[in-house]
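S.K.: Provided below: run_27.cif, containing mmCIF, C-alpha atoms.
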```
data_structure
loop_
_atom_site.label_atom_id
_atom_site.label_comp_id
_atom_site.auth_asym_id
_atom_site.auth_seq_id
_atom_site.Cartn_x
_atom_site.Cartn_y
_atom_site.Cartn_z
CA MET A 4 -23.87 -4.35 -14.18
CA ARG A 5 -21.39 -6.67 -12.48
CA PRO A 6 -19.40 -5.13 -9.60
CA LEU A 7 -15.72 -4.34 -10.10
CA PHE A 8 -13.81 -5.83 -7.19
CA VAL A 9 -10.64 -4.49 -5.58
CA GLY A 10 -8.77 -7.03 -3.48
CA ILE A 11 -7.47 -5.34 -0.34
CA THR A 12 -5.33 -6.86 2.38
CA GLN A 13 -5.97 -6.34 6.07
CA ARG A 14 -4.17 -5.55 9.31
CA VAL A 15 -3.76 -8.42 11.79
CA VAL A 16 -5.10 -7.56 15.24
CA THR A 17 -4.92 -9.54 18.48
CA VAL A 18 -7.23 -9.51 21.49
CA PRO A 19 -5.04 -11.06 24.21
CA HIS A 20 -7.67 -11.37 26.95
CA ARG A 21 -9.79 -13.49 24.58
CA ALA A 22 -6.84 -15.28 22.93
CA GLU A 23 -8.18 -14.05 19.57
CA THR A 24 -6.39 -13.05 16.39
CA GLY A 25 -8.30 -11.56 13.48
CA ASP A 26 -8.21 -9.27 10.48
CA TYR A 27 -9.18 -5.60 10.44
CA LEU A 28 -9.92 -3.11 7.65
CA ASP A 29 -10.79 0.55 8.16
CA HIS A 30 -14.38 1.14 7.02
CA ARG A 31 -13.21 4.23 5.12
CA TRP A 32 -11.59 1.97 2.50
CA ALA A 33 -15.00 0.64 1.46
CA GLN A 34 -16.31 4.19 1.11
CA ARG A 35 -13.27 5.45 -0.82
CA LEU A 36 -13.60 2.61 -3.32
CA ALA A 37 -17.38 2.96 -3.53
CA ASP A 38 -16.82 6.61 -4.48
CA HIS A 39 -15.12 5.22 -7.60
CA LYS A 40 -17.88 2.62 -8.19
CA LEU A 41 -15.62 -0.19 -6.99
CA THR A 42 -16.33 -2.89 -4.40
CA ALA A 43 -13.80 -3.67 -1.67
CA LEU A 44 -12.97 -7.37 -1.35
CA PRO A 45 -11.13 -7.88 1.98
CA LEU A 46 -8.51 -10.62 1.68
CA PRO A 47 -7.81 -12.94 4.62
CA ASN A 48 -4.36 -13.27 6.15
CA HIS A 49 -4.31 -16.99 5.47
CA LEU A 50 -2.47 -18.20 2.40
CA GLN A 51 -4.84 -20.92 1.22
CA ALA A 52 -7.98 -18.95 2.07
CA MET A 53 -6.64 -15.89 0.25
CA ARG A 54 -5.83 -17.97 -2.83
CA SER A 55 -9.33 -19.44 -2.75
CA VAL A 56 -10.88 -15.98 -2.65
CA LEU A 57 -8.75 -14.77 -5.57
CA ARG A 58 -9.67 -17.85 -7.61
CA ALA A 59 -13.37 -17.31 -6.92
CA VAL A 60 -13.60 -13.54 -7.44
CA PRO A 61 -11.79 -11.74 -10.28
CA ILE A 62 -10.18 -8.50 -9.06
CA ARG A 63 -9.18 -5.44 -11.09
CA LEU A 64 -6.77 -3.94 -8.55
CA LEU A 65 -4.81 -5.19 -5.52
CA ILE A 66 -4.29 -2.84 -2.58
CA LEU A 67 -1.80 -3.75 0.15
CA SER A 68 -3.07 -1.85 3.18
CA GLY A 69 -1.10 -0.46 6.11
CA GLY A 70 -0.54 -1.68 9.64
CA ASN A 71 1.79 -4.27 11.23
CA ASP A 72 5.56 -4.53 10.83
CA LEU A 73 7.18 -6.73 8.22
CA ALA A 74 8.31 -9.88 10.01
CA ALA A 75 11.85 -9.72 8.59
CA LEU A 76 12.60 -6.31 10.12
CA PRO A 77 15.02 -6.38 13.07
CA GLY A 78 13.19 -5.48 16.26
CA ALA A 79 9.75 -5.72 14.66
CA THR A 80 7.15 -5.36 17.41
CA ASP A 81 3.86 -6.05 15.60
CA ALA A 82 4.82 -8.68 13.05
CA HIS A 83 2.66 -11.49 11.72
CA PRO A 84 4.51 -13.74 9.26
CA GLN A 85 1.28 -15.22 7.93
CA ARG A 86 0.32 -11.79 6.61
CA ASP A 87 3.66 -11.40 4.82
CA GLU A 88 3.25 -14.85 3.26
CA ALA A 89 -0.29 -14.16 2.04
CA GLU A 90 0.57 -10.72 0.67
CA LEU A 91 3.66 -11.92 -1.19
CA ALA A 92 1.51 -14.58 -2.85
CA ALA A 93 -1.09 -11.94 -3.73
CA ILE A 94 1.62 -9.78 -5.34
CA GLU A 95 2.75 -12.72 -7.47
CA TYR A 96 -0.86 -13.46 -8.41
CA ALA A 97 -1.33 -9.86 -9.54
CA ARG A 98 1.98 -9.73 -11.42
CA ASP A 99 1.23 -12.93 -13.34
CA ARG A 100 -2.14 -11.52 -14.45
CA GLU A 101 -0.97 -7.93 -15.02
CA ILE A 102 -3.24 -6.61 -12.29
CA PRO A 103 -2.07 -3.25 -10.90
CA VAL A 104 -0.93 -3.10 -7.27
CA LEU A 105 -1.06 -0.15 -4.87
CA GLY A 106 0.98 -0.51 -1.66
CA ILE A 107 0.05 1.77 1.26
CA CYS A 108 2.64 2.43 3.97
CA ARG A 109 3.49 -1.15 5.02
CA GLY A 110 2.35 -2.30 1.59
CA ALA A 111 4.83 0.06 -0.07
CA GLN A 112 7.55 -1.27 2.25
CA LEU A 113 6.74 -4.82 1.21
CA LEU A 114 6.89 -3.99 -2.50
CA VAL A 115 10.46 -2.72 -2.21
CA SER A 116 11.59 -5.21 0.45
CA ARG A 117 10.80 -8.11 -1.87
CA LEU A 118 13.28 -6.53 -4.33
CA GLY A 119 16.07 -6.53 -1.73
CA VAL A 120 15.75 -2.96 -0.40
CA GLN A 121 16.73 -2.63 3.26
CA LEU A 122 14.35 -0.47 5.29
CA HIS A 123 15.66 1.83 8.02
CA ARG A 124 14.05 2.71 11.34
CA ARG A 125 13.89 6.49 11.69
CA GLY A 126 12.16 8.95 14.01
CA GLY A 127 10.20 11.96 12.87
CA HIS A 128 7.75 10.03 10.67
CA GLY A 129 5.41 8.05 12.91
CA GLY A 130 2.52 10.12 14.26
CA THR A 131 3.63 13.35 12.59
CA VAL A 132 2.68 15.70 9.78
CA HIS A 133 5.67 16.49 7.59
CA GLY A 134 6.50 18.02 4.24
CA ILE A 135 7.36 16.09 1.11
CA ARG A 136 8.79 17.21 -2.21
CA THR A 137 7.42 16.11 -5.56
CA LEU A 138 10.04 15.08 -8.09
CA ALA A 139 9.95 16.40 -11.65
CA THR A 140 9.07 13.00 -13.10
CA THR A 141 5.78 12.72 -11.19
CA PRO A 142 2.98 12.01 -13.71
CA ALA A 143 1.05 15.15 -14.65
CA PRO A 144 -2.41 13.56 -14.07
CA TRP A 145 -1.72 13.43 -10.35
CA ALA A 146 -1.38 17.23 -10.23
CA TRP A 147 0.73 17.20 -7.09
CA PRO A 148 2.21 20.59 -6.16
CA PRO A 149 6.01 20.90 -5.75
CA ARG A 150 5.63 20.62 -1.97
CA PHE A 151 2.81 19.51 0.33
CA GLU A 152 2.28 17.94 3.75
CA VAL A 153 1.14 14.45 4.65
CA ALA A 154 0.15 12.73 7.89
CA SER A 155 2.73 10.03 8.57
CA HIS A 156 2.17 6.81 10.54
CA HIS A 157 5.33 4.74 10.01
CA ASP A 158 8.63 4.22 11.82
CA TRP A 159 10.35 2.30 9.01
CA VAL A 160 11.42 4.34 5.99
CA ILE A 161 12.48 3.54 2.43
CA PRO A 162 15.98 4.90 1.64
CA ARG A 163 16.44 6.75 -1.63
CA HIS A 164 19.73 4.96 -2.31
CA PRO A 165 20.22 2.27 -3.32
CA LEU A 166 16.99 1.38 -5.09
CA PRO A 167 16.56 -1.02 -8.03
CA ALA A 168 16.73 0.73 -11.40
CA ALA A 169 13.15 -0.38 -12.11
CA ILE A 170 11.84 1.82 -9.26
CA GLU A 171 11.00 5.44 -10.11
CA VAL A 172 10.78 7.75 -7.10
CA LEU A 173 7.87 10.19 -7.32
CA ALA A 174 8.15 12.07 -4.02
CA GLN A 175 10.47 12.20 -1.04
CA ALA A 176 10.50 13.59 2.49
CA ASP A 177 12.81 16.40 3.52
CA ASP A 178 15.19 13.82 5.02
CA GLY A 179 15.57 12.23 1.58
CA THR A 180 13.55 9.08 2.25
CA VAL A 181 11.03 7.85 -0.31
CA GLU A 182 7.37 8.79 0.14
CA ALA A 183 5.97 7.68 -3.25
CA PHE A 184 7.27 5.51 -6.07
CA THR A 185 6.22 3.44 -9.05
CA HIS A 186 7.46 0.26 -10.67
CA PRO A 187 6.10 0.76 -14.21
CA ALA A 188 7.11 -2.64 -15.57
CA GLU A 189 4.98 -4.42 -12.96
CA ARG A 190 2.21 -1.78 -12.70
CA GLN A 191 2.97 -1.13 -9.04
CA TRP A 192 2.73 2.07 -6.99
CA GLY A 193 3.71 2.75 -3.40
CA LEU A 194 2.58 5.54 -1.06
CA MET A 195 3.83 6.01 2.48
CA TRP A 196 0.67 7.83 3.57
CA HIS A 197 -2.97 6.75 3.57
CA PRO A 198 -5.76 7.54 1.07
CA GLU A 199 -8.41 6.30 3.52
CA ARG A 200 -7.30 8.84 6.15
CA GLU A 201 -7.32 11.83 3.81
CA ALA A 202 -10.24 13.97 2.74
CA PRO A 203 -11.70 12.62 -0.53
CA GLY A 204 -9.76 15.16 -2.61
CA GLY A 205 -6.41 14.53 -0.91
CA PHE A 206 -3.11 13.87 -2.69
CA ALA A 207 -3.10 10.12 -2.09
CA ASN A 208 -6.65 9.96 -3.40
CA GLN A 209 -5.49 11.65 -6.60
CA THR A 210 -3.10 8.73 -7.04
CA LEU A 211 -5.88 6.24 -6.37
CA ARG A 212 -8.13 7.99 -8.90
CA HIS A 213 -5.33 7.96 -11.49
CA ILE A 214 -4.75 4.22 -11.05
CA ILE A 215 -8.46 3.43 -11.13
CA GLY A 216 -8.83 5.47 -14.31
CA GLY A 217 -6.54 3.00 -16.06
CA LEU A 218 -8.48 -0.12 -15.09
#
```
When written as structure tokens, how does the structure in this file appear?
M.R.:
Amino acid sequence: MRPLFVGITQRVVTVPHRAETGDYLDHRWAQRLADHKLTALPLPNHLQAMRSVLRAVPIRLLILSGGNDLAALPGATDAHPQRDEAELAAIEYARDREIPVLGICRGAQLLVSRLGVQLHRRGGHGGTVHGIRTLATTPAPWAWPPRFEVASHHDWVIPRHPLPAAIEVLAQADDGTVEAFTHPAERQWGLMWHPEREAPGGFANQTLRHIIGGL
């Protein structure tokens, strides 16, 4: 049986005392995907190299992982434009081939930013556990309760208004900012918390399982 590959982007990390810059992916991603009989394919933060990998290895799902600020954000402190460039190209690659895309935290921010949504910097999200509210339109297979708590690791939030009409909000924080959404026409989902940091049966993992079930 041939493996089913999931392309997954990586955080850019720097090691100043060695003058090194490299890519990093939490090992838990490989385990989460292996639990679903999928193989993680880490994508490099280099446009041409990433395109070469995608040409060589057919993927069934694209995951935009967390970490780093988007370079276009005012006051961004951990931005790497080469990552933005590579990920935007990966999104276009997936859209042209009708490959589903799951954006995690920064990845969710990128999915809406490319549609013109302006992110806001807001306290009370990074390094906290906070409640979110499920909206009535949330798909039944995810089985999210009306309210639950998530561990949050971001300082930039997605405002509820205005959003493009194509975006359907699935859950929001108590301050009204978006915590989960879908773009059905392009088979895209965004979560502002992390499946790899949850227990295997966590709420983000229910979303991942739902998406994988449609592959």
S.K.: Let me know the residues the PyMOL selection byres ((chain A and resi 133) around 6) catches in the file above, as a short mmCIF file (atom, residue, chain, number, x, y, z; two decimals) with C-alpha atoms, keeping the file's coordinate frame.
M.R.:
```
data_model
loop_
_atom_site.label_atom_id
_atom_site.label_comp_id
_atom_site.auth_asym_id
_atom_site.auth_seq_id
_atom_site.Cartn_x
_atom_site.Cartn_y
_atom_site.Cartn_z
CA VAL A 132 2.68 15.70 9.78
CA GLY A 134 6.50 18.02 4.24
CA GLU A 152 2.28 17.94 3.75
CA VAL A 153 1.14 14.45 4.65
#
```
S.K.: Can you work out the spacing between atom CA of His213 of chain A and atom CA of Tyr27 of chain A in Å, to one decimal?
M.R.: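 Result for atom CA of His213 of chain A versus atom CA of Tyr27 of chain A: 26.1 Å, one decimal.
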S.K.: Please identify all polymer residues lying at most 10 Å from the point (-1.4, -10.8, -11.9) (file coordinates), using only C-alpha atoms, and present the result as number ranges by chain.
M.R.: A: 62-65, 93-104, 189-190
S.K.: With only C-alpha atoms as the basis for distance, which of A:Ala89, A:Leu114, A:Leu36, A:Leu218 is at the shortest distance from Val56 of chain A?
M.R.: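 Of A:Ala89, A:Leu114, A:Leu36, A:Leu218, the one nearest Val56 of chain A, counting only C-alpha atoms, is A:Ala89.
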S.K.: I'd like to know which of A:Arg136, A:Arg117, A:His123, A:Arg21 is closest to Asp87 of chain A, using all atoms listed in the file.
M.R.: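 When distances to Asp87 of chain A are compared using all atoms listed in the file, the smallest one comes from A:Arg117.
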S.K.: Show me, as a list in words, the residues that have an atom within 8 Å of Thr12 of chain A when counting only C-alpha atoms, minus same-chain residues fewer than 6 positions from it.
M.R.: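 Returned residues: Leu28, Pro45, Leu46, Pro47, Asn48, Ile66, Leu67, Ser68 and Glu90 of chain A.
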S.K.: Would you write out, as a list in words, every residue that the PyMOL selection byres ((chain A and resi 77) around 12) captures in this file?
M.R.: Asp72, Leu73, Ala74, Ala75, Leu76, Gly78, Ala79, Thr80, Asp81, Ala82, Gln121, Leu122, His123, Arg124 and Trp159 of chain A
S.K.: Might you spell out which residues the PyMOL selection byres ((chain A and resi 170) around 9) would select in the displayed file, as a list in words?
M.R.: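 On this input, the PyMOL selection byres ((chain A and resi 170) around 9) captures Val115, Leu166, Pro167, Ala168, Ala169, Glu171, Val172, Phe184, Thr185, His186 and Pro187 of chain A.
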S.K.: May I have the residues from that selection written out with C-alpha atoms, as an mmCIF file, in the frame of the given file?
M.R.:
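Output file out-v7.cif is given in full below:
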```cif
data_model
loop_
_atom_site.group_PDB
_atom_site.id
_atom_site.type_symbol
_atom_site.label_atom_id
_atom_site.label_comp_id
_atom_site.auth_asym_id
_atom_site.auth_seq_id
_atom_site.Cartn_x
_atom_site.Cartn_y
_atom_site.Cartn_z
ATOM 1 C CA VAL A 115 10.460 -2.720 -2.210
ATOM 2 C CA LEU A 166 16.990 1.380 -5.090
ATOM 3 C CA PRO A 167 16.560 -1.020 -8.030
ATOM 4 C CA ALA A 168 16.730 0.730 -11.400
ATOM 5 C CA ALA A 169 13.150 -0.380 -12.110
ATOM 6 C CA GLU A 171 11.000 5.440 -10.110
ATOM 7 C CA VAL A 172 10.780 7.750 -7.100
ATOM 8 C CA PHE A 184 7.270 5.510 -6.070
ATOM 9 C CA THR A 185 6.220 3.440 -9.050
ATOM 10 C CA HIS A 186 7.460 0.260 -10.670
ATOM 11 C CA PRO A 187 6.100 0.760 -14.210
#
```
S.K.: What is the atom CA of Leu41 of chain A-atom CA of Gly110 of chain A distance in Å, reported with one decimal?
M.R.: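 Computing the Euclidean distance for atom CA of Leu41 of chain A and atom CA of Gly110 of chain A yields 20.0 Å.
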S.K.: Go ahead and find all residues with at least one atom no further than 12 Å from (-4.1, 9.2, -8.6) in the file's coordinates, using only C-alpha atoms; report them as a VMD selection string.
M.R.: chain A and resid 39 105 141 to 147 183 185 192 to 194 198 203 to 217
S.K.: Provide the atom CA of His83 of chain A to atom CA of Leu113 of chain A distance in Å, to one decimal place.
M.R.: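 Interatomic distance, atom CA of His83 of chain A to atom CA of Leu113 of chain A: 13.1 Å.
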S.K.: If we count only C-alpha atoms, what is near Pro61 of chain A at a cut-off of 9 Å, once residues fewer than 4 positions away on the same chain are taken out, given as a list of chain:residue names?
M.R.: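 The filter keeps A:Leu7, A:Phe8, A:Val9, A:Gly10, A:Val56, A:Leu57.
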S.K.: For Gly119 of chain A, which residue among A:Ile161, A:Ile11, A:Val181, A:Ala139 is the nearest when counting only C-alpha atoms?
M.R.: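 The answer is A:Ile161, which sits nearest to Gly119 of chain A.
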S.K.: Would you kindly place all heavy atoms on segment 45-56 of chain A and return the model as a PDB file, keeping the file's coordinate frame?
M.R.:
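Saved file result23.pdb follows:
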```pdb
ATOM      1  N   PRO A  45     -12.164  -7.655   0.965  1.00  0.00           N
ATOM      2  CA  PRO A  45     -11.130  -7.880   1.980  1.00  0.00           C
ATOM      3  C   PRO A  45     -10.530  -9.286   1.822  1.00  0.00           C
ATOM      4  O   PRO A  45     -11.254 -10.279   1.684  1.00  0.00           O
ATOM      5  CB  PRO A  45     -11.877  -7.745   3.298  1.00  0.00           C
ATOM      6  CG  PRO A  45     -13.093  -6.932   2.967  1.00  0.00           C
ATOM      7  CD  PRO A  45     -13.472  -7.353   1.577  1.00  0.00           C
ATOM      8  N   LEU A  46      -9.214  -9.346   1.850  1.00  0.00           N
ATOM      9  CA  LEU A  46      -8.510 -10.620   1.680  1.00  0.00           C
ATOM     10  C   LEU A  46      -8.022 -11.125   3.028  1.00  0.00           C
ATOM     11  O   LEU A  46      -7.438 -10.365   3.807  1.00  0.00           O
ATOM     12  CB  LEU A  46      -7.323 -10.435   0.728  1.00  0.00           C
ATOM     13  CG  LEU A  46      -7.673  -9.982  -0.692  1.00  0.00           C
ATOM     14  CD1 LEU A  46      -6.404  -9.714  -1.493  1.00  0.00           C
ATOM     15  CD2 LEU A  46      -8.543 -11.017  -1.396  1.00  0.00           C
ATOM     16  N   PRO A  47      -8.222 -12.408   3.318  1.00  0.00           N
ATOM     17  CA  PRO A  47      -7.810 -12.940   4.620  1.00  0.00           C
ATOM     18  C   PRO A  47      -6.305 -13.152   4.702  1.00  0.00           C
ATOM     19  O   PRO A  47      -5.643 -13.415   3.692  1.00  0.00           O
ATOM     20  CB  PRO A  47      -8.558 -14.283   4.686  1.00  0.00           C
ATOM     21  CG  PRO A  47      -8.727 -14.694   3.255  1.00  0.00           C
ATOM     22  CD  PRO A  47      -8.908 -13.411   2.482  1.00  0.00           C
ATOM     23  N   ASN A  48      -5.785 -13.038   5.916  1.00  0.00           N
ATOM     24  CA  ASN A  48      -4.360 -13.270   6.150  1.00  0.00           C
ATOM     25  C   ASN A  48      -4.098 -14.753   6.401  1.00  0.00           C
ATOM     26  O   ASN A  48      -3.550 -15.152   7.440  1.00  0.00           O
ATOM     27  CB  ASN A  48      -3.874 -12.422   7.328  1.00  0.00           C
ATOM     28  CG  ASN A  48      -3.767 -10.965   6.956  1.00  0.00           C
ATOM     29  OD1 ASN A  48      -3.055 -10.609   6.029  1.00  0.00           O
ATOM     30  ND2 ASN A  48      -4.491 -10.110   7.677  1.00  0.00           N
ATOM     31  N   HIS A  49      -4.498 -15.541   5.440  1.00  0.00           N
ATOM     32  CA  HIS A  49      -4.310 -16.990   5.470  1.00  0.00           C
ATOM     33  C   HIS A  49      -4.056 -17.410   4.035  1.00  0.00           C
ATOM     34  O   HIS A  49      -4.891 -17.156   3.154  1.00  0.00           O
ATOM     35  CB  HIS A  49      -5.564 -17.676   6.031  1.00  0.00           C
ATOM     36  CG  HIS A  49      -5.449 -19.163   6.112  1.00  0.00           C
ATOM     37  ND1 HIS A  49      -5.609 -19.982   5.016  1.00  0.00           N
ATOM     38  CD2 HIS A  49      -5.168 -19.983   7.165  1.00  0.00           C
ATOM     39  CE1 HIS A  49      -5.456 -21.237   5.388  1.00  0.00           C
ATOM     40  NE2 HIS A  49      -5.182 -21.263   6.686  1.00  0.00           N
ATOM     41  N   LEU A  50      -2.913 -17.990   3.777  1.00  0.00           N
ATOM     42  CA  LEU A  50      -2.470 -18.200   2.400  1.00  0.00           C
ATOM     43  C   LEU A  50      -3.493 -18.963   1.568  1.00  0.00           C
ATOM     44  O   LEU A  50      -3.883 -18.510   0.491  1.00  0.00           O
ATOM     45  CB  LEU A  50      -1.126 -18.939   2.401  1.00  0.00           C
ATOM     46  CG  LEU A  50      -0.524 -19.214   1.019  1.00  0.00           C
ATOM     47  CD1 LEU A  50      -0.255 -17.917   0.271  1.00  0.00           C
ATOM     48  CD2 LEU A  50       0.771 -20.030   1.166  1.00  0.00           C
ATOM     49  N   GLN A  51      -3.932 -20.111   2.026  1.00  0.00           N
ATOM     50  CA  GLN A  51      -4.840 -20.920   1.220  1.00  0.00           C
ATOM     51  C   GLN A  51      -6.206 -20.254   1.069  1.00  0.00           C
ATOM     52  O   GLN A  51      -6.814 -20.279  -0.008  1.00  0.00           O
ATOM     53  CB  GLN A  51      -4.994 -22.317   1.834  1.00  0.00           C
ATOM     54  CG  GLN A  51      -3.700 -23.120   1.846  1.00  0.00           C
ATOM     55  CD  GLN A  51      -3.053 -23.207   0.462  1.00  0.00           C
ATOM     56  OE1 GLN A  51      -3.738 -23.358  -0.555  1.00  0.00           O
ATOM     57  NE2 GLN A  51      -1.732 -23.100   0.417  1.00  0.00           N
ATOM     58  N   ALA A  52      -6.687 -19.630   2.149  1.00  0.00           N
ATOM     59  CA  ALA A  52      -7.980 -18.950   2.070  1.00  0.00           C
ATOM     60  C   ALA A  52      -7.910 -17.770   1.104  1.00  0.00           C
ATOM     61  O   ALA A  52      -8.835 -17.527   0.318  1.00  0.00           O
ATOM     62  CB  ALA A  52      -8.417 -18.487   3.451  1.00  0.00           C
ATOM     63  N   MET A  53      -6.798 -17.024   1.163  1.00  0.00           N
ATOM     64  CA  MET A  53      -6.640 -15.890   0.250  1.00  0.00           C
ATOM     65  C   MET A  53      -6.609 -16.362  -1.193  1.00  0.00           C
ATOM     66  O   MET A  53      -7.245 -15.769  -2.077  1.00  0.00           O
ATOM     67  CB  MET A  53      -5.373 -15.111   0.605  1.00  0.00           C
ATOM     68  CG  MET A  53      -5.121 -13.874  -0.233  1.00  0.00           C
ATOM     69  SD  MET A  53      -4.183 -14.211  -1.742  1.00  0.00           S
ATOM     70  CE  MET A  53      -2.637 -14.734  -1.047  1.00  0.00           C
ATOM     71  N   ARG A  54      -5.876 -17.438  -1.463  1.00  0.00           N
ATOM     72  CA  ARG A  54      -5.830 -17.970  -2.830  1.00  0.00           C
ATOM     73  C   ARG A  54      -7.205 -18.426  -3.285  1.00  0.00           C
ATOM     74  O   ARG A  54      -7.573 -18.234  -4.453  1.00  0.00           O
ATOM     75  CB  ARG A  54      -4.825 -19.114  -2.895  1.00  0.00           C
ATOM     76  CG  ARG A  54      -3.365 -18.643  -2.896  1.00  0.00           C
ATOM     77  CD  ARG A  54      -2.411 -19.803  -2.868  1.00  0.00           C
ATOM     78  NE  ARG A  54      -1.037 -19.354  -3.135  1.00  0.00           N
ATOM     79  CZ  ARG A  54       0.050 -20.069  -2.861  1.00  0.00           C
ATOM     80  NH1 ARG A  54      -0.072 -21.271  -2.303  1.00  0.00           N
ATOM     81  NH2 ARG A  54       1.248 -19.591  -3.144  1.00  0.00           N
ATOM     82  N   SER A  55      -7.986 -19.001  -2.386  1.00  0.00           N
ATOM     83  CA  SER A  55      -9.330 -19.440  -2.750  1.00  0.00           C
ATOM     84  C   SER A  55     -10.216 -18.255  -3.115  1.00  0.00           C
ATOM     85  O   SER A  55     -10.982 -18.311  -4.080  1.00  0.00           O
ATOM     86  CB  SER A  55      -9.961 -20.217  -1.576  1.00  0.00           C
ATOM     87  OG  SER A  55      -9.263 -21.419  -1.332  1.00  0.00           O
ATOM     88  N   VAL A  56     -10.090 -17.173  -2.353  1.00  0.00           N
ATOM     89  CA  VAL A  56     -10.880 -15.980  -2.650  1.00  0.00           C
ATOM     90  C   VAL A  56     -10.497 -15.420  -4.015  1.00  0.00           C
ATOM     91  O   VAL A  56     -11.361 -15.068  -4.833  1.00  0.00           O
ATOM     92  CB  VAL A  56     -10.688 -14.913  -1.550  1.00  0.00           C
ATOM     93  CG1 VAL A  56     -11.313 -13.587  -1.972  1.00  0.00           C
ATOM     94  CG2 VAL A  56     -11.282 -15.385  -0.235  1.00  0.00           C
TER      95      VAL A  56
END
```
